[in-house]
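Peer 1: Here it is: the structure, laid out below.
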Amino acid sequence: MTPMLGIMASGISGHLGTKTVDYLVVAGGGSGGGGYYSGGGGAGGYRTANTFSVTPGTPFTVTIGAGAATATGNSTDGNKGGNSVFSTITSTGGGGGAGFTHNGLTGGSGGGGGSNLGQTGGAGNQGGYSPSEGNNGGIGNNAGGGGGGGASGVGSANASNVGLGGTGTANSITGSSVTYAVGGTGRSDVGGGSAGGANTGTGGSGAGVAGGTSTAGGSGIVILRYPDTFPDLTSIGGGLTYAKTTPTGYKVYSFTAGTGSVTV
């Protein structure tokens with residue numbers, strides 16, 4: 001069987017009436033700050049492990065964090081992304097990027113700071129988890145707003161009109177490598193930038209133009225994986241959007257929107 005994150009996946013196995021499942025929980029990304037010289041949005045919190053026990057027949061909650069809405073206007077802070085939940089595991093939404101005169105917001109990863117007087121980036125790992133769910137946003141400077149923090153890296157200070165977002169983390173739980181939770185781009189007085197990709201938890205970009213609108217954060221995702229020798233999930237609430245795939249040796253459920261109850 002294919003290992004996840006370099007660790008041999010334990011999969012679902014019986015132990016005193018419980019089962020062990022691999023999971024990936026990524027929260028929604030924060031949006032960038034509005035107006036010129038604004039920070040990038042922080043990535044949604046990123047949490048993964050292969051040691052979570054569930055009890056067959058006992059329901060648990062799955063919630064997919066929404067990506068943060070855009071922000072408009074000078075010195076307007078971006079918005080925070082929504083939390084994603086799998087049972088007792090919660091990943092924190094990414095912090096919004098700062099407007100020109102503000103500090104970045106805290107979150108799973110922190111938003112980038114605004115440009116005025118070198119505003120600081122927001123703190124990451126707001127949930128206080130170990131291992132950390134994300135990193136700090138970058139500091140703003142006279143070149144522009146800092147980049148939002150990412151799952152694997154701190155956002156950078158602005159250089160050449162762009163504050164690069166912190167790096168995300170690649171994960172192959174679905175059988176294909178996908179990079180999640182990249183920090184959003186900080187801007188100076190140059191427009192552009194892209195919204196965070198759906199179901200990646202990526203932060204949105206700062207607006208970069210006077211009175212302009214930032215880009216939205218990407219929505220989060222919850223993924224569960226276990227060996228294909230175990231039966232399908234018993235029930236999935238109607239409020240959830242999901243897809244089931246079957247890479248060699250596994251059953252994988254990817255939840256991409258909504259909230260609801262799930263039973264193994």
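Residue numbers start at 1 in each chain; chains themselves are named A, B, ... in the order of the structure tokens; ligands are numbered from 1 in the order shown.
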Find the spatial neighbours of A:Asn199, counting only C-alpha atoms, within a cut-off of 9 Å - ignore same-chain residues fewer than 2 positions away - and output them as a list in words.
Peer 2: Val26, Ala27, Gly28, Ile64, Ala66, Gly67, Tyr180, Gly196, Gly197, Gly201, Thr202, Gly218, Ser219, Gly220, Ile221, Val222, Thr256 and Ala257 of chain A
Peer 1: Grab the residues selected above and save them as a PDB file, in the first residue's frame with C-alpha atoms.
Peer 2:
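Output saved as result.pdb:
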ATOM      1  CA  VAL A  26      -7.815  21.652   5.525  1.00  0.00           C
ATOM      2  CA  ALA A  27      -9.711  24.818   6.476  1.00  0.00           C
ATOM      3  CA  GLY A  28     -10.813  27.638   4.186  1.00  0.00           C
ATOM      4  CA  ILE A  64     -15.978  21.976   5.112  1.00  0.00           C
ATOM      5  CA  ALA A  66     -15.696  28.089   3.184  1.00  0.00           C
ATOM      6  CA  GLY A  67     -13.094  30.285   1.555  1.00  0.00           C
ATOM      7  CA  TYR A 180      -2.751  22.380  -0.131  1.00  0.00           C
ATOM      8  CA  GLY A 196      -7.390  30.597  -3.777  1.00  0.00           C
ATOM      9  CA  GLY A 197      -8.218  27.356  -5.573  1.00  0.00           C
ATOM     10  CA  GLY A 201      -7.390  26.110   1.511  1.00  0.00           C
ATOM     11  CA  THR A 202      -5.159  28.586  -0.331  1.00  0.00           C
ATOM     12  CA  GLY A 218     -10.041  28.883  -1.398  1.00  0.00           C
ATOM     13  CA  SER A 219     -12.471  26.536   0.306  1.00  0.00           C
ATOM     14  CA  GLY A 220     -11.224  23.698   2.487  1.00  0.00           C
ATOM     15  CA  ILE A 221     -11.565  19.925   2.276  1.00  0.00           C
ATOM     16  CA  VAL A 222     -11.851  16.821   4.462  1.00  0.00           C
ATOM     17  CA  THR A 256     -15.789  19.218  -0.615  1.00  0.00           C
ATOM     18  CA  ALA A 257     -18.694  21.304   0.723  1.00  0.00           C
TER      19      ALA A 257
END
Peer 1: List the neighbours of stretch 96-108 of chain A out to 6 Å using only C-alpha atoms; skip same-chain residues closer than 2 positions along the sequence, and give me the result as a PyMOL selection string.
Peer 2: chain A and resi 30-34+37-41+44-45+75-80+92-94+110-116+119-126+133-134
Peer 1: Would you pick out the contacts of A:Ser235 at 10 Å or less, using only C-alpha atoms, so that residues sharing its chain but fewer than 6 positions from it are not included, and give the list as a list in words?
Peer 2: Gly57, Pro59, Ser261, Val262, Thr263 and Val264 of chain A
Peer 1: Can you write out the residues you just picked, keeping C-alpha atoms, as a PDB file, in the first residue's frame?
Peer 2:
ATOM      1  CA  GLY A  57     -22.117   2.844  14.225  1.00  0.00           C
ATOM      2  CA  PRO A  59     -21.793   9.179  13.924  1.00  0.00           C
ATOM      3  CA  SER A 261     -23.152  13.562   9.992  1.00  0.00           C
ATOM      4  CA  VAL A 262     -21.105  10.564   8.798  1.00  0.00           C
ATOM      5  CA  THR A 263     -21.096   7.005  10.162  1.00  0.00           C
ATOM      6  CA  VAL A 264     -18.498   4.300   9.586  1.00  0.00           C
TER       7      VAL A 264
END
Peer 1: Hey, what's within 6 Å of A:Gly165 if we count only C-alpha atoms and toss same-chain stuff fewer than 4 positions away? As a ChimeraX atom specification, please?
Peer 2: /A:147-149,155,183-185
Peer 1: Take the selection from the previous step and output its residues with C-alpha atoms, as a PDB file, in the first residue's frame.
Peer 2:
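Output file part22.pdb follows:
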ATOM      1  CA  GLY A 147       2.433  37.391   1.783  1.00  0.00           C
ATOM      2  CA  GLY A 148       0.089  35.199   3.779  1.00  0.00           C
ATOM      3  CA  GLY A 149       1.463  32.265   5.730  1.00  0.00           C
ATOM      4  CA  GLY A 155       4.845  34.513   4.145  1.00  0.00           C
ATOM      5  CA  GLY A 183      -0.389  31.541   1.387  1.00  0.00           C
ATOM      6  CA  GLY A 184      -1.888  34.348  -0.684  1.00  0.00           C
ATOM      7  CA  THR A 185       0.122  37.062  -2.442  1.00  0.00           C
TER       8      THR A 185
END
Peer 1: With distances taken over only C-alpha atoms, which residue among A:Thr241, A:Thr72, A:Thr248, A:Ser91 lies nearest A:Thr174?
Peer 2: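 For A:Thr174, the nearest of the candidates is A:Thr248.
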Peer 1: Looking only at the backbone, which of the residues in stretch 55-140 of chain A does DSSP tag as strand (DSSP E), as number ranges by chain?
Peer 2: A: 60-63, 84-86, 89-91
Peer 1: Given the choices A:Arg187, A:Val252, A:Gly175, A:Val182, which gets closest to A:Phe230 if the distance is worked out from only C-alpha atoms?
Peer 2: A:Val252
Peer 1: List as a ChimeraX atom specification the protein and nucleic acid residues near A:Ala159, meaning an atom at most 8 Å away when only C-alpha atoms are counted, but skip any in the same chain fewer than 3 places from it.
Peer 2: /A:143-144,162-163
Peer 1: So, with only C-alpha atoms as the atoms that count, which of A:Gly238, A:Gly35, A:Gly191, A:Gly137 lies closest to A:Thr213?
Peer 2: A:Gly35
